[in-house]
file my_file_18.cif (mmCIF, C-alpha atoms and all ligand atoms)
data_model
#
loop_
_atom_site.label_atom_id
_atom_site.label_comp_id
_atom_site.auth_asym_id
_atom_site.auth_seq_id
_atom_site.Cartn_x
_atom_site.Cartn_y
_atom_site.Cartn_z
CA MET A 1 7.38 15.34 -77.28
CA LYS A 2 10.70 14.47 -78.79
CA PRO A 3 11.10 11.66 -81.26
CA MET A 4 14.33 9.81 -80.75
CA GLN A 5 14.93 6.82 -82.97
CA PHE A 6 11.46 7.28 -84.34
CA ASP A 7 9.55 6.46 -87.47
CA GLN A 8 5.86 7.49 -87.14
CA THR A 9 4.63 4.68 -89.33
CA LEU A 10 6.14 1.95 -87.15
CA ALA A 11 4.93 0.66 -83.81
CA ILE A 12 6.34 2.35 -80.72
CA GLU A 13 8.49 0.08 -78.58
CA VAL A 14 9.03 2.39 -75.63
CA LEU A 15 7.14 5.50 -74.56
CA GLN A 16 9.59 7.30 -72.33
CA ARG A 17 8.93 9.74 -69.50
CA ALA A 18 5.13 9.62 -69.46
CA ARG A 19 3.29 11.23 -66.54
CA LEU A 20 0.58 8.74 -65.66
CA PRO A 21 -2.18 9.56 -63.16
CA LYS A 22 -1.75 8.17 -59.63
CA TRP A 23 -4.84 5.97 -59.99
CA ALA A 24 -3.18 4.08 -62.87
CA LEU A 25 0.01 3.34 -60.94
CA PRO A 26 0.66 0.75 -58.26
CA GLN A 27 0.53 1.93 -54.61
CA ASP A 28 4.27 1.42 -54.19
CA TRP A 29 5.24 3.43 -57.29
CA PRO A 30 8.20 5.68 -56.37
CA GLN A 31 7.48 9.35 -55.77
CA HIS A 32 9.54 12.50 -55.77
CA VAL A 33 8.25 15.52 -53.81
CA GLY A 34 4.77 14.05 -53.71
CA GLN A 35 4.70 13.41 -57.45
CA PRO A 36 4.93 9.97 -59.04
CA LEU A 37 8.10 9.38 -61.02
CA LEU A 38 7.65 9.49 -64.78
CA ALA A 39 7.02 6.14 -66.42
CA ASP A 40 8.53 4.23 -69.30
CA ILE A 41 5.91 2.16 -71.07
CA HIS A 42 7.23 -0.79 -73.02
CA ILE A 43 5.09 -2.02 -75.88
CA ASP A 44 5.31 -5.36 -77.65
CA LYS A 45 3.10 -6.34 -80.58
CA GLY A 46 0.67 -3.54 -79.76
CA GLN A 47 0.32 -4.50 -76.10
CA ILE A 48 1.79 -2.98 -72.95
CA SER A 49 4.49 -5.40 -71.83
CA ARG A 50 6.00 -3.43 -68.94
CA ILE A 51 5.52 -0.15 -67.07
CA SER A 52 8.55 0.95 -65.09
CA PRO A 53 9.75 4.11 -63.38
CA HIS A 54 11.96 6.11 -65.71
CA ILE A 55 15.52 5.84 -64.58
CA GLU A 56 17.63 7.16 -67.39
CA THR A 57 17.23 8.11 -71.01
CA LEU A 58 17.84 5.21 -73.31
CA GLU A 59 20.92 5.53 -75.42
CA SER A 60 20.02 6.78 -78.87
CA SER A 61 22.28 4.08 -80.20
CA HIS A 62 19.67 1.53 -79.05
CA ARG A 63 17.93 0.52 -82.19
CA ILE A 64 14.44 0.74 -80.79
CA GLN A 65 11.41 2.80 -81.64
CA SER A 66 11.39 5.13 -78.65
CA LEU A 67 9.28 8.24 -78.13
CA ASP A 68 10.24 10.63 -75.33
CA LEU A 69 7.14 12.34 -73.92
CA GLU A 70 9.26 14.63 -71.70
CA GLY A 71 6.79 14.40 -68.82
CA ALA A 72 3.61 14.99 -70.87
CA LEU A 73 0.38 13.64 -69.34
CA LEU A 74 -0.73 10.23 -70.55
CA LEU A 75 -4.10 8.50 -70.08
CA PRO A 76 -5.47 5.21 -71.34
CA SER A 77 -7.97 5.63 -74.18
CA LEU A 78 -11.36 7.06 -73.23
CA VAL A 79 -14.70 5.42 -72.65
CA ASP A 80 -17.92 7.33 -73.32
CA ALA A 81 -20.27 5.24 -71.20
CA HIS A 82 -23.58 6.94 -71.98
CA THR A 83 -24.59 8.55 -75.28
CA HIS A 84 -27.59 8.67 -77.65
CA LEU A 85 -26.38 8.08 -81.20
CA ASP A 86 -29.95 7.61 -82.48
CA LYS A 87 -31.04 11.15 -81.61
CA THR A 88 -27.75 12.90 -82.11
CA LEU A 89 -27.01 15.90 -84.33
CA THR A 90 -30.67 16.67 -84.96
CA LEU A 91 -30.96 20.03 -83.22
CA SER A 92 -29.71 22.09 -86.17
CA ARG A 93 -32.73 21.04 -88.26
CA MET A 94 -35.35 21.75 -85.59
CA GLY A 95 -37.07 24.99 -84.72
CA PRO A 96 -36.86 26.45 -81.21
CA VAL A 97 -37.21 23.88 -78.43
CA GLY A 98 -38.78 24.78 -75.04
CA PRO A 99 -36.86 24.22 -71.79
CA GLY A 100 -36.71 20.99 -69.81
CA LEU A 101 -36.99 17.26 -70.39
CA LEU A 102 -40.63 17.09 -71.49
CA ASN A 103 -40.25 19.77 -74.18
CA ALA A 104 -37.17 17.94 -75.45
CA ILE A 105 -39.08 14.66 -75.68
CA GLN A 106 -41.85 16.39 -77.65
CA ALA A 107 -39.40 17.94 -80.13
CA MET A 108 -37.69 14.56 -80.57
CA MET A 109 -40.97 12.76 -81.29
CA HIS A 110 -41.70 15.30 -84.00
CA ASP A 111 -38.29 14.94 -85.66
CA ARG A 112 -38.29 11.17 -85.39
CA ALA A 113 -41.23 10.89 -87.79
CA ALA A 114 -38.79 11.70 -90.62
CA TRP A 115 -36.00 9.29 -89.60
CA THR A 116 -34.74 6.79 -92.13
CA GLN A 117 -32.01 4.19 -91.74
CA GLU A 118 -29.75 6.34 -93.88
CA ASP A 119 -30.40 9.42 -91.75
CA VAL A 120 -29.62 7.60 -88.48
CA LYS A 121 -26.56 5.95 -89.97
CA THR A 122 -25.16 9.24 -91.32
CA ARG A 123 -25.59 11.05 -88.00
CA ALA A 124 -24.32 8.16 -85.85
CA THR A 125 -21.29 7.71 -88.12
CA LYS A 126 -20.42 11.40 -87.77
CA ALA A 127 -20.62 10.92 -84.01
CA LEU A 128 -18.33 7.88 -84.10
CA LEU A 129 -15.78 9.77 -86.18
CA MET A 130 -15.76 12.56 -83.61
CA ALA A 131 -15.31 10.04 -80.82
CA LEU A 132 -12.47 8.31 -82.65
CA LYS A 133 -10.65 11.62 -83.09
CA ALA A 134 -11.04 12.38 -79.39
CA GLY A 135 -9.34 9.11 -78.42
CA VAL A 136 -12.43 7.08 -77.52
CA THR A 137 -12.19 3.29 -77.88
CA HIS A 138 -15.46 2.34 -76.12
CA ILE A 139 -18.81 4.03 -76.55
CA ARG A 140 -22.20 2.99 -75.28
CA SER A 141 -25.35 4.33 -76.92
CA HIS A 142 -28.90 4.12 -75.70
CA CYS A 143 -31.57 3.59 -78.34
CA ASP A 144 -34.98 5.13 -77.77
CA CYS A 145 -38.42 4.81 -79.36
CA TRP A 146 -39.42 1.27 -78.40
CA GLU A 147 -43.05 0.36 -78.87
CA PRO A 148 -44.93 -2.82 -78.01
CA GLY A 149 -43.92 -5.63 -80.37
CA GLN A 150 -41.73 -3.40 -82.51
CA MET A 151 -38.02 -2.65 -82.63
CA PRO A 152 -37.01 0.92 -83.33
CA LEU A 153 -35.51 1.61 -86.72
CA ALA A 154 -32.31 2.93 -85.12
CA TRP A 155 -31.68 -0.35 -83.25
CA GLY A 156 -30.82 -2.22 -86.43
CA VAL A 157 -28.59 0.63 -87.57
CA LEU A 158 -26.68 0.62 -84.27
CA GLU A 159 -26.31 -3.16 -84.46
CA GLU A 160 -24.83 -2.83 -87.94
CA LEU A 161 -22.49 -0.04 -86.82
CA SER A 162 -21.38 -2.11 -83.80
CA GLN A 163 -20.24 -4.72 -86.28
CA SER A 164 -18.66 -2.45 -88.88
CA TRP A 165 -16.82 -0.27 -86.31
CA MET A 166 -15.60 -3.18 -84.18
CA ASP A 167 -11.92 -2.70 -85.06
CA GLN A 168 -11.96 1.00 -84.31
CA ILE A 169 -14.44 1.54 -81.49
CA ARG A 170 -16.37 -0.94 -79.35
CA LEU A 171 -19.92 0.37 -79.78
CA GLU A 172 -22.47 -1.04 -77.34
CA ARG A 173 -26.20 -0.48 -77.53
CA VAL A 174 -28.80 -0.26 -74.81
CA ALA A 175 -32.52 -0.66 -75.45
CA LEU A 176 -33.92 2.42 -73.72
CA ILE A 177 -37.45 1.21 -73.09
CA PRO A 178 -40.18 3.12 -71.23
CA LEU A 179 -40.83 1.42 -67.89
CA ALA A 180 -44.53 1.04 -68.75
CA LEU A 181 -43.66 -1.49 -71.49
CA PHE A 182 -42.43 -3.87 -68.76
CA LYS A 183 -45.74 -3.77 -66.92
CA ASN A 184 -46.77 -7.09 -68.36
CA LYS A 185 -44.35 -9.93 -67.62
CA ASP A 186 -44.73 -11.60 -71.02
CA ASP A 187 -44.07 -8.30 -72.79
CA ALA A 188 -41.00 -7.81 -70.61
CA LEU A 189 -39.69 -11.26 -71.52
CA PHE A 190 -40.36 -10.65 -75.21
CA LEU A 191 -38.41 -7.37 -75.13
CA ALA A 192 -35.50 -9.03 -73.34
CA GLN A 193 -35.55 -11.90 -75.82
CA SER A 194 -35.34 -9.45 -78.75
CA VAL A 195 -32.36 -7.71 -77.18
CA LYS A 196 -30.71 -11.06 -76.46
CA ALA A 197 -31.15 -12.09 -80.11
CA SER A 198 -29.38 -8.89 -81.13
CA GLN A 199 -26.62 -9.59 -78.59
CA ASN A 200 -26.21 -13.06 -80.09
CA ARG A 201 -25.78 -11.56 -83.57
CA VAL A 202 -23.38 -8.79 -82.52
CA PRO A 203 -22.12 -8.67 -78.91
CA GLY A 204 -22.67 -5.52 -76.88
CA ALA A 205 -26.46 -5.29 -76.45
CA MET A 206 -28.19 -4.76 -73.13
CA LEU A 207 -31.54 -3.98 -71.65
CA GLY A 208 -32.36 -0.51 -70.40
CA GLY A 209 -35.20 1.66 -69.32
CA PHE A 210 -36.27 5.10 -68.22
CA ILE A 211 -37.18 5.19 -64.52
CA HIS A 212 -38.67 8.47 -63.33
CA SER A 213 -41.30 9.61 -60.83
CA SER A 214 -43.63 10.40 -63.75
CA ASN A 215 -43.72 6.72 -64.83
CA TRP A 216 -42.88 4.96 -61.56
CA GLU A 217 -44.16 1.36 -61.52
CA PRO A 218 -42.46 -0.94 -58.98
CA GLU A 219 -44.02 -3.99 -60.63
CA ALA A 220 -42.67 -3.03 -64.03
CA LEU A 221 -39.20 -2.66 -62.52
CA GLU A 222 -39.60 -6.11 -61.01
CA ASN A 223 -40.45 -7.54 -64.44
CA LEU A 224 -37.54 -5.72 -66.03
CA LEU A 225 -35.10 -7.31 -63.57
CA PHE A 226 -36.71 -10.71 -64.03
CA ALA A 227 -36.58 -10.49 -67.83
CA ALA A 228 -32.92 -9.37 -67.84
CA GLN A 229 -31.99 -12.17 -65.45
CA THR A 230 -33.89 -14.76 -67.48
CA HIS A 231 -32.09 -13.80 -70.69
CA GLU A 232 -28.73 -13.12 -69.02
CA LEU A 233 -28.55 -9.49 -70.02
CA ASP A 234 -26.79 -6.62 -68.30
CA LEU A 235 -28.82 -3.55 -67.44
CA ASP A 236 -28.18 0.13 -68.12
CA LEU A 237 -30.93 2.37 -66.84
CA HIS A 238 -31.79 6.07 -66.81
CA VAL A 239 -32.70 6.48 -63.14
CA ASP A 240 -34.18 9.44 -61.25
CA GLU A 241 -33.15 12.06 -63.82
CA GLU A 242 -35.03 14.68 -61.82
CA LEU A 243 -34.86 16.89 -58.75
CA ASN A 244 -37.71 15.18 -56.91
CA ALA A 245 -36.43 14.19 -53.47
CA ASN A 246 -39.10 11.50 -53.32
CA ALA A 247 -37.91 9.66 -56.41
CA GLN A 248 -37.90 5.93 -55.66
CA GLY A 249 -36.00 4.42 -58.59
CA LEU A 250 -32.44 4.04 -57.27
CA LYS A 251 -33.54 3.11 -53.76
CA VAL A 252 -35.84 0.32 -54.87
CA LEU A 253 -33.49 -0.89 -57.59
CA ALA A 254 -30.50 -1.18 -55.21
CA THR A 255 -32.61 -3.17 -52.75
CA ARG A 256 -34.15 -5.47 -55.34
CA VAL A 257 -30.85 -6.19 -57.11
CA GLN A 258 -29.55 -7.55 -53.80
CA GLN A 259 -32.71 -9.41 -52.84
CA THR A 260 -33.11 -11.09 -56.22
CA GLY A 261 -29.40 -11.92 -56.52
CA PHE A 262 -29.35 -10.35 -59.99
CA SER A 263 -26.15 -11.61 -61.57
CA GLY A 264 -25.52 -9.11 -64.38
CA ARG A 265 -24.01 -5.64 -64.21
CA VAL A 266 -26.39 -2.82 -63.38
CA VAL A 267 -25.41 0.66 -64.56
CA CYS A 268 -27.47 3.69 -63.53
CA GLY A 269 -27.19 6.99 -65.39
CA HIS A 270 -28.07 10.39 -63.87
CA THR A 271 -29.53 9.65 -60.36
CA CYS A 272 -29.86 13.44 -59.95
CA ALA A 273 -32.57 13.08 -57.28
CA LEU A 274 -29.93 11.99 -54.75
CA SER A 275 -28.70 15.59 -54.72
CA GLN A 276 -32.08 16.78 -53.39
CA MET A 277 -32.68 14.24 -50.66
CA PRO A 278 -31.88 14.77 -46.98
CA GLU A 279 -28.22 13.83 -46.63
CA ASP A 280 -28.67 10.82 -44.34
CA GLN A 281 -31.29 9.40 -46.69
CA SER A 282 -29.13 9.79 -49.80
CA LEU A 283 -26.13 8.25 -48.05
CA LYS A 284 -28.17 5.25 -46.94
CA ILE A 285 -29.21 4.70 -50.55
CA LEU A 286 -25.58 4.91 -51.65
CA ASP A 287 -24.67 2.29 -49.04
CA GLU A 288 -27.18 -0.03 -50.73
CA VAL A 289 -25.90 0.90 -54.21
CA ALA A 290 -22.41 -0.11 -53.06
CA LYS A 291 -23.65 -3.43 -51.68
CA ALA A 292 -25.58 -4.10 -54.90
CA GLY A 293 -22.43 -3.51 -57.01
CA ILE A 294 -24.16 -0.90 -59.14
CA THR A 295 -22.11 1.46 -61.35
CA LEU A 296 -23.15 5.12 -61.58
CA VAL A 297 -22.66 7.36 -64.60
CA THR A 298 -22.81 11.11 -64.21
CA LEU A 299 -23.72 13.29 -67.19
CA PRO A 300 -22.87 16.89 -66.28
CA ILE A 301 -23.57 18.64 -69.59
CA THR A 302 -27.11 17.34 -69.99
CA ASN A 303 -27.88 17.80 -66.30
CA LEU A 304 -26.80 21.43 -66.52
CA PHE A 305 -29.06 21.96 -69.55
CA LEU A 306 -32.14 20.09 -68.35
CA GLN A 307 -32.34 20.25 -64.57
CA ASP A 308 -34.20 23.15 -62.93
CA ALA A 309 -34.92 24.53 -66.41
CA GLN A 310 -37.57 27.21 -66.88
CA THR A 311 -37.93 29.99 -69.43
CA HIS A 312 -36.58 33.38 -68.27
CA ARG A 313 -35.30 31.97 -65.01
CA THR A 314 -31.71 31.18 -64.04
CA PRO A 315 -31.42 27.60 -62.79
CA ARG A 316 -30.48 27.32 -59.12
CA ILE A 317 -30.10 23.56 -58.68
CA ARG A 318 -27.57 21.72 -60.88
CA GLY A 319 -28.45 18.07 -60.38
CA MET A 320 -25.08 16.31 -60.25
CA THR A 321 -25.32 13.00 -58.46
CA LEU A 322 -23.25 12.44 -55.33
CA VAL A 323 -20.03 11.44 -57.05
CA LYS A 324 -17.71 12.03 -54.10
CA GLU A 325 -19.86 10.12 -51.64
CA ALA A 326 -20.20 7.31 -54.18
CA ARG A 327 -16.43 7.05 -54.72
CA LEU A 328 -15.84 7.03 -50.97
CA ARG A 329 -18.04 3.94 -50.81
CA GLY A 330 -16.12 2.21 -53.59
CA ILE A 331 -18.95 2.60 -56.09
CA PRO A 332 -17.60 2.69 -59.67
CA VAL A 333 -18.48 6.08 -61.19
CA LEU A 334 -17.99 7.15 -64.80
CA ILE A 335 -18.53 10.50 -66.49
CA ALA A 336 -19.95 10.67 -70.01
CA SER A 337 -21.32 12.87 -72.79
CA ASP A 338 -25.03 11.86 -72.91
CA ASN A 339 -26.99 13.84 -75.51
CA VAL A 340 -25.03 15.72 -78.16
CA GLN A 341 -26.57 18.50 -80.25
CA ASP A 342 -30.11 17.23 -79.99
CA PRO A 343 -33.14 18.81 -78.28
CA PHE A 344 -32.04 17.41 -74.91
CA CYS A 345 -28.65 19.10 -75.03
CA ALA A 346 -27.50 21.73 -77.50
CA MET A 347 -23.78 21.27 -77.06
CA GLY A 348 -21.39 18.32 -77.04
CA SER A 349 -18.83 16.76 -79.36
CA TYR A 350 -18.33 13.08 -78.40
CA ASP A 351 -15.21 14.09 -76.57
CA PRO A 352 -15.69 12.82 -73.00
CA MET A 353 -13.12 15.42 -71.94
CA GLU A 354 -15.77 18.04 -72.65
CA ALA A 355 -18.14 16.49 -70.09
CA PHE A 356 -15.21 16.09 -67.72
CA SER A 357 -14.26 19.77 -68.14
CA LEU A 358 -17.71 20.79 -66.92
CA GLY A 359 -17.92 18.06 -64.29
CA VAL A 360 -14.67 19.11 -62.60
CA PRO A 361 -15.80 22.61 -61.54
CA MET A 362 -19.41 21.46 -61.09
CA GLY A 363 -18.42 18.76 -58.60
CA GLN A 364 -15.14 20.38 -57.44
CA LEU A 365 -13.35 17.22 -58.50
CA ASN A 366 -9.78 17.70 -57.35
CA PRO A 367 -7.16 16.52 -58.08
CA ALA A 368 -8.66 16.17 -61.53
CA PHE A 369 -5.80 14.37 -63.27
CA ASP A 370 -4.36 12.15 -60.56
CA GLU A 371 -7.68 11.01 -59.12
CA TRP A 372 -10.75 11.93 -61.15
CA SER A 373 -9.53 11.20 -64.67
CA GLU A 374 -10.18 7.56 -63.77
CA LEU A 375 -13.88 8.29 -64.48
CA LEU A 376 -12.98 8.51 -68.17
CA CYS A 377 -10.89 5.39 -68.53
CA ARG A 378 -12.61 2.36 -66.98
CA PRO A 379 -14.74 0.53 -69.56
CA GLU A 380 -14.61 -2.59 -67.37
CA TRP A 381 -16.85 -0.82 -64.85
CA ILE A 382 -19.81 -1.22 -67.20
CA HIS A 383 -19.23 -4.90 -67.95
CA SER A 384 -20.12 -7.97 -65.96
CA LYS A 385 -19.27 -11.62 -65.72
CA ILE A 386 -22.04 -12.46 -68.16
CA SER A 387 -20.60 -10.13 -70.80
CA PRO A 388 -16.89 -10.26 -69.99
CA PRO A 389 -14.95 -7.45 -71.63
CA PRO A 390 -13.08 -8.64 -74.72
CA TYR A 391 -10.08 -6.60 -73.63
CA GLN A 392 -7.68 -6.27 -70.74
CA PRO A 393 -8.11 -3.21 -68.49
CA PHE A 394 -5.21 -0.72 -68.46
CA GLY A 395 -1.91 -2.22 -67.35
CA VAL A 396 0.48 -4.92 -68.50
CA GLY A 397 -1.25 -7.06 -71.12
CA ALA A 398 -3.65 -4.30 -72.23
CA GLN A 399 -3.63 -3.03 -75.78
CA ALA A 400 -1.47 0.10 -75.98
CA ASP A 401 -4.37 2.50 -76.66
CA LEU A 402 -3.25 5.74 -75.08
CA ILE A 403 -3.71 9.51 -75.24
CA CYS A 404 -0.88 11.93 -74.72
CA PHE A 405 -1.91 15.48 -73.78
CA THR A 406 0.99 17.44 -75.17
CA GLN A 407 0.18 20.82 -73.60
CA ALA A 408 -1.71 20.03 -70.37
CA ASN A 409 -0.26 19.91 -66.87
CA THR A 410 -1.41 18.05 -63.75
CA THR A 411 -2.59 21.07 -61.76
CA GLY A 412 -4.44 22.78 -64.61
CA PHE A 413 -6.02 19.61 -65.99
CA PRO A 414 -8.42 19.37 -67.84
CA SER A 415 -7.50 22.76 -69.32
CA GLN A 416 -5.30 22.69 -72.43
CA THR A 417 -6.29 19.14 -73.29
CA HIS A 418 -7.28 19.84 -76.90
CA ALA A 419 -3.76 19.09 -78.13
CA ARG A 420 -3.56 15.28 -78.17
CA GLN A 421 -1.55 12.51 -79.69
CA ILE A 422 -3.62 9.37 -80.00
CA ILE A 423 -1.81 6.04 -79.87
CA ARG A 424 -3.68 2.92 -81.00
CA ALA A 425 -2.14 -0.50 -80.48
CA GLY A 426 1.25 1.17 -80.09
CA ILE A 427 1.04 3.21 -83.31
CA LEU A 428 0.77 6.97 -83.37
CA SER A 429 -2.42 8.02 -85.17
CA PRO A 430 -2.00 10.68 -87.83
CA THR A 431 -3.16 14.06 -86.48
ZN ZN A 501 -29.21 9.57 -71.53
#
call {"tool": "encode", "arguments": {"input": "my_file_18.cif", "output": "structure tokens"}}
result
Amino acid sequence: MKPMQFDQTLAIEVLQRARLPKWALPQDWPQHVGQPLLADIHIDKGQISRISPHIETLESSHRIQSLDLEGALLLPSLVDAHTHLDKTLTLSRMGPVGPGLLNAIQAMMHDRAAWTQEDVKTRATKALLMALKAGVTHIRSHCDCWEPGQMPLAWGVLEELSQSWMDQIRLERVALIPLALFKNKDDALFLAQSVKASQNRVPGAMLGGFIHSSNWEPEALENLLFAAQTHELDLDLHVDEELNANAQGLKVLATRVQQTGFSGRVVCGHTCALSQMPEDQSLKILDEVAKAGITLVTLPITNLFLQDAQTHRTPRIRGMTLVKEARLRGIPVLIASDNVQDPFCAMGSYDPMEAFSLGVPMGQLNPAFDEWSELLCRPEWIHSKISPPPYQPFGVGAQADLICFTQANTTGFPSQTHARQIIRAGILSPT
């Protein structure tokens, strides 16, 4: 990229010749040989004031802060819609962990006995710093280890970090509660009330749960929906993170959300079981998911590590949910990091591009830049009317939080995306 009249410490007024993805441009945006024309992005007081097709290079005599991207790829800032900051970065201090979800849970329980507020805060802060460097402006973390009548130690830490990081990253927290704890309606209401109290102190708290064939309780799910509705909380659930074609979670949830008229946003992570069901059955469920307005989040790295995992055996089934079929039905789908360097997933770096880089070949997601990069950039897809996003989605009026990929190209994307220039509120971040 070529600085013209440019002083790095001042706000950018025009970003010239940016290659934006097709999904971020209006339908009638001019094209040349099937490619959208490059864009000039005008920025005023840190906000995007105009996006127009690039016509000609501005005269250098114009006394404006202009940065010429020379056709480099540009995305809005990233959202990491599903992470676990409470458990993160613990793997290096553990011994060997056996394969699969249940072994991971066991290893986590053992490590958790030694957690302190300081330990959680140190690890979660490291994670947030990594996310910030990657160009993330929104991150959602689940928080595990709920017990009857007791909040997990990490919940308070995440609440505090949500507050202290507010100007840099919007950190949201989801109470990841075992479904069994919702079995009793009063307990369910108490849990929801505790989460609501946290939301009232620092916005960005929602109710969640782990819904799996091993703990399947339709009544508990009913109570969970009722409690969330009563306390006006959005939901973010781990659903059918398994290869059991008979898993009931998503199917029942999509039906009950419609029948109860649940008014909040419902986000479902994983839904791997869809990939194992007979096709007509899985598509019928997706039709209901679309009608219910549910958002799906796919987590390729953790699915690759945990699904079909056995010692000394190469996994055959990879567990990605039906992202293409979901998109065809207009279901909002996001892609996210999930576990990072904990017993559930050894790798990860709080760079959602890393999950995307595995998700693209795993799901054959082409064209990756022009179409599928949208899965990284839509924080509004996890928010509802009852927790309206305190920001404007990408476009005119949005804060100029952008990422320029200085070495990548549209056909090879997401390869060569490590080289980035992060722009926050129209100012180039130091690299
Ligand atoms: Zn998760």
call {"tool": "atom_distance", "arguments": {"input": "my_file_18.cif", "atom1": "atom CA of Gly208 of chain A", "atom2": "atom CA of Asp401 of chain A"}}
result
28.8 Å
call {"tool": "closest_residue", "arguments": {"input": "my_file_18.cif", "among": "A:Leu428, A:Met94, A:Leu306, A:Ala39", "to": "ligand ZN 501 (chain A)", "atoms": "only C-alpha atoms and all ligand atoms"}}
result
A:Leu306
call {"tool": "closest_residue", "arguments": {"input": "my_file_18.cif", "among": "A:Val252, A:Ala336, A:Leu304, A:Val195", "to": "ligand ZN 501 (chain A)", "atoms": "only C-alpha atoms and all ligand atoms"}}
result
A:Ala336
call {"tool": "residues_near_ligand", "arguments": {"input": "my_file_18.cif", "ligand": "ligand ZN 501 (chain A)", "cutoff": "7 Å", "atoms": "all atoms listed in the file", "output": "VMD selection string"}}
result
chain A and resid 82 to 84 142 238 269 338 to 339
call {"tool": "residues_near_point", "arguments": {"input": "my_file_18.cif", "point": "(6.6, -1.1, -81.9)", "cutoff": "12 Å", "atoms": "all atoms listed in the file", "output": "PyMOL selection string"}}
result
chain A and resi 5-15+41-49+63-67+400+423-428
call {"tool": "residues_around", "arguments": {"input": "my_file_18.cif", "residues": "Pro76 of chain A", "least_positions_apart": "2", "cutoff": "7 Å", "atoms": "all atoms listed in the file", "output": "list in words"}}
result
Leu74, Leu78, Cys377, Phe394, Asp401, Leu402 and Ile403 of chain A
call {"tool": "residues_around", "arguments": {"input": "my_file_18.cif", "residues": "Lys284 of chain A", "least_positions_apart": "4", "cutoff": "12 Å", "atoms": "only C-alpha atoms", "output": "VMD selection string"}}
result
chain A and resid 250 to 251 254 to 255 274 277 to 280 288 to 291 325 to 326 329
call {"tool": "residues_around", "arguments": {"input": "my_file_18.cif", "residues": "Ile386 of chain A", "least_positions_apart": "4", "cutoff": "9 Å", "atoms": "all atoms listed in the file", "output": "NGL selection string"}}
result
:A and (232-234 or 263-265)
call {"tool": "write_last_selection", "arguments": {"input": "my_file_18.cif", "atoms": "C-alpha atoms", "output": "PDB file, in the frame of the given file"}}
result
ATOM      1  CA  GLU A 232     -28.730 -13.120 -69.020  1.00  0.00           C
ATOM      2  CA  LEU A 233     -28.550  -9.490 -70.020  1.00  0.00           C
ATOM      3  CA  ASP A 234     -26.790  -6.620 -68.300  1.00  0.00           C
ATOM      4  CA  SER A 263     -26.150 -11.610 -61.570  1.00  0.00           C
ATOM      5  CA  GLY A 264     -25.520  -9.110 -64.380  1.00  0.00           C
ATOM      6  CA  ARG A 265     -24.010  -5.640 -64.210  1.00  0.00           C
TER       7      ARG A 265
END
call {"tool": "residues_near_point", "arguments": {"input": "my_file_18.cif", "point": "(-28.4, 15.0, -56.4)", "cutoff": "9 Å", "atoms": "all atoms listed in the file", "output": "MDAnalysis selection string"}}
result
chainID A and resid 242:243 245 270:277 282 318:322
call {"tool": "atom_distance", "arguments": {"input": "my_file_18.cif", "atom1": "atom CA of Met108 of chain A", "atom2": "atom CA of Trp216 of chain A"}}
result
21.9 Å
call {"tool": "closest_residue", "arguments": {"input": "my_file_18.cif", "among": "A:Glu160, A:Asp342, A:Asp287, A:Asp28", "to": "Asn103 of chain A", "atoms": "only C-alpha atoms"}}
result
A:Asp342
call {"tool": "atom_distance", "arguments": {"input": "my_file_18.cif", "atom1": "atom CA of Gly204 of chain A", "atom2": "atom CA of Pro390 of chain A"}}
result
10.3 Å
call {"tool": "closest_residue", "arguments": {"input": "my_file_18.cif", "among": "A:His418, A:Lys133, A:Lys87, A:Arg256", "to": "Val340 of chain A", "atoms": "all atoms listed in the file"}}
result
A:Lys87
call {"tool": "residues_around", "arguments": {"input": "my_file_18.cif", "residues": "Val297 of chain A", "least_positions_apart": "4", "cutoff": "6 Å", "atoms": "all atoms listed in the file", "output": "list in words"}}
result
Gly269, Val333, Leu334 and Ile335 of chain A
call {"tool": "closest_residue", "arguments": {"input": "my_file_18.cif", "among": "A:Asp236, A:Glu70, A:Asp370, A:Glu217", "to": "Leu20 of chain A", "atoms": "all atoms listed in the file"}}
result
A:Asp370
call {"tool": "closest_residue", "arguments": {"input": "my_file_18.cif", "among": "A:Leu235, A:Asp40, A:Leu161, A:Pro30", "to": "Lys196 of chain A", "atoms": "all atoms listed in the file"}}
result
A:Leu235
call {"tool": "residues_around", "arguments": {"input": "my_file_18.cif", "residues": "Glu222 of chain A", "least_positions_apart": "2", "cutoff": "12 Å", "atoms": "only C-alpha atoms", "output": "JSON, numbers by chain"}}
result
{"A": [179, 180, 182, 183, 184, 185, 188, 189, 216, 217, 218, 219, 220, 224, 225, 226, 227, 228, 229, 249, 252, 253, 254, 255, 256, 257, 259, 260, 262]}
